[in-house]
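Listing of data.cif; format and content: mmCIF, N, CA, C and O atoms.
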```
data_start
#
loop_
_atom_site.label_atom_id
_atom_site.label_comp_id
_atom_site.auth_asym_id
_atom_site.auth_seq_id
_atom_site.Cartn_x
_atom_site.Cartn_y
_atom_site.Cartn_z
N MET C 317 -81.92 3.28 39.64
CA MET C 317 -80.82 3.96 38.96
C MET C 317 -81.13 5.44 38.90
O MET C 317 -82.27 5.86 38.92
N ILE C 318 -80.14 6.23 38.73
CA ILE C 318 -80.27 7.69 38.72
C ILE C 318 -80.70 8.15 37.34
O ILE C 318 -80.20 7.69 36.32
N ASP C 319 -81.64 9.08 37.32
CA ASP C 319 -82.07 9.66 36.07
C ASP C 319 -80.96 10.56 35.55
O ASP C 319 -80.50 11.46 36.24
N LYS C 320 -80.51 10.34 34.33
CA LYS C 320 -79.39 11.08 33.78
C LYS C 320 -79.76 12.51 33.41
O LYS C 320 -78.91 13.36 33.27
N GLN C 321 -81.03 12.79 33.24
CA GLN C 321 -81.45 14.15 32.94
C GLN C 321 -81.66 14.89 34.24
O GLN C 321 -82.45 14.51 35.07
N ASN C 322 -80.92 15.97 34.40
CA ASN C 322 -81.02 16.75 35.62
C ASN C 322 -82.08 17.83 35.45
O ASN C 322 -82.05 18.57 34.48
N PRO C 323 -83.00 17.94 36.39
CA PRO C 323 -83.98 19.02 36.31
C PRO C 323 -83.28 20.35 36.56
O PRO C 323 -82.22 20.40 37.19
N PRO C 324 -83.82 21.43 36.05
CA PRO C 324 -83.19 22.73 36.29
C PRO C 324 -83.19 23.04 37.78
O PRO C 324 -84.09 22.62 38.50
N PRO C 325 -82.17 23.77 38.25
CA PRO C 325 -82.12 24.08 39.67
C PRO C 325 -83.34 24.87 40.11
O PRO C 325 -83.82 25.75 39.39
N SER C 326 -83.84 24.55 41.26
CA SER C 326 -85.01 25.23 41.79
C SER C 326 -84.61 26.06 43.00
O SER C 326 -84.25 25.50 44.02
N PRO C 327 -84.67 27.40 42.89
CA PRO C 327 -84.28 28.20 44.04
C PRO C 327 -85.21 28.02 45.23
O PRO C 327 -84.84 28.27 46.35
N ILE C 328 -86.43 27.54 45.00
CA ILE C 328 -87.38 27.35 46.08
C ILE C 328 -87.00 26.14 46.92
O ILE C 328 -87.41 26.01 48.06
N ALA C 329 -86.18 25.23 46.38
CA ALA C 329 -85.81 24.02 47.12
C ALA C 329 -85.01 24.35 48.37
O ALA C 329 -85.05 23.60 49.34
N HIS C 330 -84.30 25.42 48.37
CA HIS C 330 -83.52 25.80 49.55
C HIS C 330 -84.37 26.65 50.47
O HIS C 330 -85.09 27.53 50.03
N LYS C 331 -84.30 26.37 51.75
CA LYS C 331 -85.15 27.03 52.73
C LYS C 331 -84.96 28.54 52.75
O LYS C 331 -85.87 29.28 53.08
N SER C 332 -83.79 29.04 52.39
CA SER C 332 -83.51 30.47 52.46
C SER C 332 -84.32 31.26 51.44
O SER C 332 -84.57 32.44 51.63
N LEU C 333 -84.71 30.64 50.33
CA LEU C 333 -85.45 31.37 49.30
C LEU C 333 -86.95 31.30 49.50
O LEU C 333 -87.68 32.04 48.87
N ALA C 334 -87.41 30.43 50.33
CA ALA C 334 -88.84 30.23 50.47
C ALA C 334 -89.55 31.41 51.13
O ALA C 334 -90.67 31.74 50.77
N ASP C 335 -88.90 32.09 52.06
CA ASP C 335 -89.58 33.10 52.85
C ASP C 335 -89.19 34.54 52.53
O ASP C 335 -90.00 35.45 52.68
N VAL C 336 -87.97 34.77 52.11
CA VAL C 336 -87.43 36.11 52.05
C VAL C 336 -87.18 36.53 50.61
O VAL C 336 -86.62 35.77 49.83
N PRO C 337 -87.57 37.76 50.24
CA PRO C 337 -87.17 38.25 48.92
C PRO C 337 -85.66 38.47 48.90
O PRO C 337 -85.08 38.98 49.86
N VAL C 338 -85.01 38.05 47.82
CA VAL C 338 -83.56 38.10 47.77
C VAL C 338 -83.08 38.85 46.54
O VAL C 338 -83.79 38.93 45.54
N ASP C 339 -81.87 39.39 46.62
CA ASP C 339 -81.29 40.04 45.46
C ASP C 339 -80.80 38.98 44.47
O ASP C 339 -80.69 37.79 44.80
N GLN C 340 -80.47 39.40 43.26
CA GLN C 340 -80.11 38.46 42.20
C GLN C 340 -78.82 37.71 42.52
O GLN C 340 -78.72 36.51 42.24
N GLU C 341 -77.84 38.37 43.11
CA GLU C 341 -76.58 37.71 43.44
C GLU C 341 -76.79 36.59 44.45
O GLU C 341 -76.26 35.49 44.29
N ARG C 342 -77.57 36.85 45.46
CA ARG C 342 -77.85 35.81 46.46
C ARG C 342 -78.66 34.68 45.85
O ARG C 342 -78.44 33.50 46.15
N LYS C 343 -79.60 35.04 44.99
CA LYS C 343 -80.42 34.02 44.32
C LYS C 343 -79.53 33.10 43.49
O LYS C 343 -79.71 31.88 43.51
N ASN C 344 -78.55 33.67 42.78
CA ASN C 344 -77.62 32.84 42.00
C ASN C 344 -76.81 31.91 42.88
O ASN C 344 -76.58 30.75 42.54
N ARG C 345 -76.35 32.42 44.04
CA ARG C 345 -75.61 31.57 44.97
C ARG C 345 -76.48 30.43 45.48
O ARG C 345 -76.01 29.30 45.63
N LEU C 346 -77.73 30.73 45.77
CA LEU C 346 -78.63 29.68 46.27
C LEU C 346 -78.91 28.63 45.20
O LEU C 346 -79.03 27.44 45.51
N ILE C 347 -79.01 29.06 43.96
CA ILE C 347 -79.21 28.11 42.87
C ILE C 347 -78.00 27.18 42.76
O ILE C 347 -78.14 25.96 42.61
N LEU C 348 -76.80 27.76 42.84
CA LEU C 348 -75.59 26.94 42.79
C LEU C 348 -75.49 26.01 43.99
O LEU C 348 -75.09 24.85 43.87
N LEU C 349 -75.87 26.50 45.16
CA LEU C 349 -75.86 25.68 46.37
C LEU C 349 -76.82 24.51 46.23
O LEU C 349 -76.50 23.37 46.58
N ASP C 350 -78.01 24.77 45.68
CA ASP C 350 -78.98 23.72 45.47
C ASP C 350 -78.46 22.68 44.48
O ASP C 350 -78.59 21.48 44.71
N ALA C 351 -77.84 23.15 43.40
CA ALA C 351 -77.28 22.23 42.41
C ALA C 351 -76.17 21.38 43.01
O ALA C 351 -76.10 20.17 42.77
N ALA C 352 -75.31 21.99 43.83
CA ALA C 352 -74.22 21.24 44.46
C ALA C 352 -74.76 20.18 45.41
O ALA C 352 -74.27 19.04 45.43
N SER C 353 -75.79 20.53 46.18
CA SER C 353 -76.34 19.54 47.12
C SER C 353 -77.03 18.40 46.37
O SER C 353 -76.96 17.24 46.80
N ARG C 354 -77.66 18.70 45.23
CA ARG C 354 -78.28 17.63 44.44
C ARG C 354 -77.21 16.71 43.84
O ARG C 354 -77.38 15.49 43.79
N LYS C 355 -76.10 17.28 43.38
CA LYS C 355 -75.02 16.46 42.82
C LYS C 355 -74.39 15.58 43.90
O LYS C 355 -74.03 14.43 43.64
N LEU C 356 -74.24 16.11 45.11
CA LEU C 356 -73.71 15.30 46.20
C LEU C 356 -74.68 14.17 46.56
O LEU C 356 -74.25 13.05 46.86
N ALA C 357 -75.98 14.44 46.51
CA ALA C 357 -76.96 13.38 46.76
C ALA C 357 -76.87 12.31 45.69
O ALA C 357 -76.97 11.11 45.98
N GLU C 358 -76.63 12.73 44.45
CA GLU C 358 -76.46 11.77 43.35
C GLU C 358 -75.20 10.93 43.57
O GLU C 358 -75.22 9.71 43.38
N ALA C 359 -74.11 11.57 43.98
CA ALA C 359 -72.87 10.84 44.25
C ALA C 359 -73.06 9.85 45.40
O ALA C 359 -72.55 8.73 45.36
N GLU C 360 -73.79 10.28 46.42
CA GLU C 360 -74.07 9.41 47.56
C GLU C 360 -74.84 8.17 47.12
O GLU C 360 -74.53 7.04 47.53
N GLU C 361 -75.81 8.36 46.26
CA GLU C 361 -76.61 7.23 45.76
C GLU C 361 -75.75 6.30 44.90
O GLU C 361 -75.85 5.07 45.01
N MET C 362 -74.89 6.86 44.08
CA MET C 362 -74.03 6.04 43.23
C MET C 362 -73.04 5.24 44.07
O MET C 362 -72.76 4.07 43.76
N LEU C 363 -72.51 5.83 45.13
CA LEU C 363 -71.61 5.10 46.01
C LEU C 363 -72.33 3.95 46.70
O LEU C 363 -71.77 2.85 46.84
N SER C 364 -73.56 4.17 47.11
CA SER C 364 -74.30 3.08 47.76
C SER C 364 -74.58 1.95 46.76
O SER C 364 -74.53 0.78 47.13
N GLU C 365 -74.84 2.30 45.50
CA GLU C 365 -75.03 1.26 44.48
C GLU C 365 -73.73 0.49 44.26
O GLU C 365 -73.75 -0.73 44.07
N LEU C 366 -72.60 1.20 44.28
CA LEU C 366 -71.30 0.54 44.12
C LEU C 366 -71.03 -0.41 45.27
O LEU C 366 -70.56 -1.54 45.07
N ILE C 367 -71.34 0.01 46.47
CA ILE C 367 -71.12 -0.83 47.65
C ILE C 367 -71.96 -2.09 47.57
O ILE C 367 -71.51 -3.18 47.95
N GLU C 368 -73.17 -1.98 47.05
CA GLU C 368 -74.06 -3.14 46.94
C GLU C 368 -73.56 -4.18 45.95
O GLU C 368 -73.99 -5.34 46.00
N THR C 369 -72.66 -3.82 45.04
CA THR C 369 -72.16 -4.78 44.06
C THR C 369 -71.16 -5.77 44.66
O THR C 369 -70.88 -6.79 44.05
N TYR C 370 -70.62 -5.46 45.83
CA TYR C 370 -69.66 -6.36 46.48
C TYR C 370 -70.39 -7.39 47.32
O TYR C 370 -71.45 -7.10 47.89
N PRO C 371 -69.84 -8.60 47.43
CA PRO C 371 -70.47 -9.62 48.27
C PRO C 371 -70.47 -9.20 49.74
O PRO C 371 -69.61 -8.45 50.18
N LYS C 372 -71.44 -9.68 50.47
CA LYS C 372 -71.62 -9.28 51.87
C LYS C 372 -70.73 -10.06 52.84
O LYS C 372 -70.66 -9.72 54.01
N ASP C 373 -70.06 -11.09 52.35
CA ASP C 373 -69.22 -11.88 53.26
C ASP C 373 -68.04 -11.03 53.73
O ASP C 373 -67.51 -10.23 53.00
N GLY C 374 -67.67 -11.20 54.97
CA GLY C 374 -66.61 -10.48 55.67
C GLY C 374 -65.74 -9.57 54.83
O GLY C 374 -65.60 -9.71 53.64
N GLY C 375 -65.18 -8.62 55.46
CA GLY C 375 -64.27 -7.70 54.80
C GLY C 375 -63.39 -7.07 55.85
O GLY C 375 -63.75 -6.96 57.01
N SER C 376 -62.25 -6.69 55.43
CA SER C 376 -61.33 -6.07 56.37
C SER C 376 -61.31 -4.56 56.14
O SER C 376 -61.97 -4.04 55.23
N ALA C 377 -60.53 -3.87 56.92
CA ALA C 377 -60.43 -2.42 56.79
C ALA C 377 -59.77 -2.02 55.47
O ALA C 377 -59.97 -0.91 54.99
N CYS C 378 -59.01 -2.92 54.87
CA CYS C 378 -58.36 -2.60 53.60
C CYS C 378 -59.20 -3.00 52.39
O CYS C 378 -58.80 -2.79 51.26
N HIS C 379 -60.39 -3.55 52.62
CA HIS C 379 -61.27 -3.94 51.53
C HIS C 379 -61.85 -2.68 50.88
O HIS C 379 -62.12 -1.69 51.56
N PRO C 380 -62.05 -2.69 49.56
CA PRO C 380 -62.60 -1.50 48.88
C PRO C 380 -63.94 -1.03 49.45
O PRO C 380 -64.21 0.17 49.49
N VAL C 381 -64.75 -1.94 49.93
CA VAL C 381 -66.06 -1.55 50.49
C VAL C 381 -65.88 -0.62 51.68
O VAL C 381 -66.63 0.33 51.86
N SER C 382 -64.85 -0.86 52.49
CA SER C 382 -64.60 0.00 53.64
C SER C 382 -64.30 1.43 53.19
O SER C 382 -64.81 2.39 53.75
N GLY C 383 -63.48 1.55 52.17
CA GLY C 383 -63.16 2.87 51.64
C GLY C 383 -64.36 3.55 51.03
O GLY C 383 -64.59 4.75 51.24
N PHE C 384 -65.16 2.80 50.27
CA PHE C 384 -66.35 3.38 49.64
C PHE C 384 -67.38 3.80 50.69
O PHE C 384 -68.04 4.83 50.55
N THR C 385 -67.52 2.99 51.73
CA THR C 385 -68.46 3.32 52.80
C THR C 385 -68.03 4.60 53.51
O THR C 385 -68.85 5.48 53.78
N SER C 386 -66.76 4.70 53.80
CA SER C 386 -66.23 5.90 54.45
C SER C 386 -66.46 7.13 53.57
O SER C 386 -66.89 8.19 54.05
N THR C 387 -66.20 7.00 52.29
CA THR C 387 -66.41 8.11 51.37
C THR C 387 -67.89 8.48 51.29
O THR C 387 -68.23 9.67 51.25
N ALA C 388 -68.77 7.49 51.29
CA ALA C 388 -70.21 7.77 51.25
C ALA C 388 -70.65 8.55 52.48
O ALA C 388 -71.45 9.48 52.37
N PHE C 389 -70.12 8.21 53.66
CA PHE C 389 -70.46 8.96 54.87
C PHE C 389 -69.95 10.40 54.79
O PHE C 389 -70.63 11.33 55.22
N GLN C 390 -68.76 10.59 54.24
CA GLN C 390 -68.22 11.94 54.10
C GLN C 390 -69.05 12.77 53.13
O GLN C 390 -69.32 13.95 53.38
N VAL C 391 -69.46 12.16 52.03
CA VAL C 391 -70.30 12.86 51.06
C VAL C 391 -71.64 13.24 51.69
O VAL C 391 -72.15 14.34 51.50
N ALA C 392 -72.20 12.33 52.48
CA ALA C 392 -73.47 12.62 53.17
C ALA C 392 -73.31 13.79 54.13
O ALA C 392 -74.18 14.67 54.19
N ARG C 393 -72.20 13.82 54.86
CA ARG C 393 -71.97 14.95 55.78
C ARG C 393 -71.83 16.26 55.03
O ARG C 393 -72.35 17.29 55.46
N LEU C 394 -71.11 16.24 53.91
CA LEU C 394 -70.97 17.45 53.10
C LEU C 394 -72.32 17.94 52.58
O LEU C 394 -72.62 19.14 52.60
N ARG C 395 -73.12 17.00 52.07
CA ARG C 395 -74.43 17.36 51.53
C ARG C 395 -75.31 17.97 52.62
O ARG C 395 -75.94 19.01 52.41
N LYS C 396 -75.33 17.36 53.79
CA LYS C 396 -76.16 17.89 54.88
C LYS C 396 -75.68 19.26 55.33
O LYS C 396 -76.48 20.13 55.65
N ALA C 397 -74.37 19.47 55.33
CA ALA C 397 -73.84 20.79 55.70
C ALA C 397 -74.23 21.84 54.67
O ALA C 397 -74.56 22.98 55.04
N LEU C 398 -74.23 21.49 53.41
CA LEU C 398 -74.65 22.44 52.38
C LEU C 398 -76.12 22.79 52.51
O LEU C 398 -76.50 23.96 52.36
N VAL C 399 -76.94 21.81 52.79
CA VAL C 399 -78.38 22.07 52.92
C VAL C 399 -78.66 22.99 54.09
O VAL C 399 -79.52 23.87 54.00
N ARG C 400 -77.91 22.85 55.17
CA ARG C 400 -78.13 23.68 56.36
C ARG C 400 -77.49 25.06 56.23
O ARG C 400 -77.81 25.96 57.02
N SER C 401 -76.60 25.25 55.30
CA SER C 401 -75.86 26.51 55.23
C SER C 401 -76.73 27.67 54.75
O SER C 401 -77.77 27.48 54.13
N SER C 402 -76.29 28.85 55.09
CA SER C 402 -76.98 30.05 54.62
C SER C 402 -76.02 30.86 53.77
O SER C 402 -74.81 30.81 53.95
N VAL C 403 -76.58 31.56 52.80
CA VAL C 403 -75.76 32.38 51.90
C VAL C 403 -76.16 33.83 51.95
O VAL C 403 -77.21 34.20 52.26
#
```

Taking this structure as input, can you express it in the form of C-alpha cells?
Amino acid sequence: MIDKQNPPPSPIAHKSLADVPVDQERKNRLILLDAASRKLAEAEEMLSELIETYPKDGGSACHPVSGFTSTAFQVARLRKALVRSSV
C-alpha cells in the first residue's frame, strides 16, 4: 500500500539539478516537476492495485479493467515524459 505521508520534494531527484548550479526559479520548477512525477507514480500504483481487485477470468473491451489498464499506461507515459523533460 502507498504511504500516505509524502516526503518533501527533493530537487536532487531530478537529473537536471544533480550537476548544474541553478537559479531559484528553475529550482522551484524542478521541485514541482519532481512532485508531479511522484504523484503520477502514486496514481500508477493505485491503478494497478485497483486492477488487481478484479477477477482474472476473461474480460471484454468494455470491461472496467480494460479502461483502468489503458489509463494506467497513459499515466505511466506521462510520468516517464516528465522525468525525461528539462526545465

Nearby residues (only C-alpha atoms) at most 7 Å from range 384-400 of chain C, same-chain spacing under 5 positions excluded, as a ChimeraX atom specification
/C:349,353,356-357,360,363,367

Could you tell me how far atom N of Asp350 in chain C lies from CA of Met362 in chain C, in Å and to one decimal?
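It comes out at 19.3 Å.
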
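We find atom O of Arg342 in chain C and atom C of Ser402 in chain C to be spaced 8.4 Å apart.
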
Just checking: using only C-alpha atoms, which residue out of C:Gln340, C:Ala359, C:Val403, C:Ser364 ends up closest to Val381 in chain C?
C:Ser364

In Å and to one decimal, CA of Ser401 in chain C is distant from CA of Lys355 in chain C by 16.0 Å
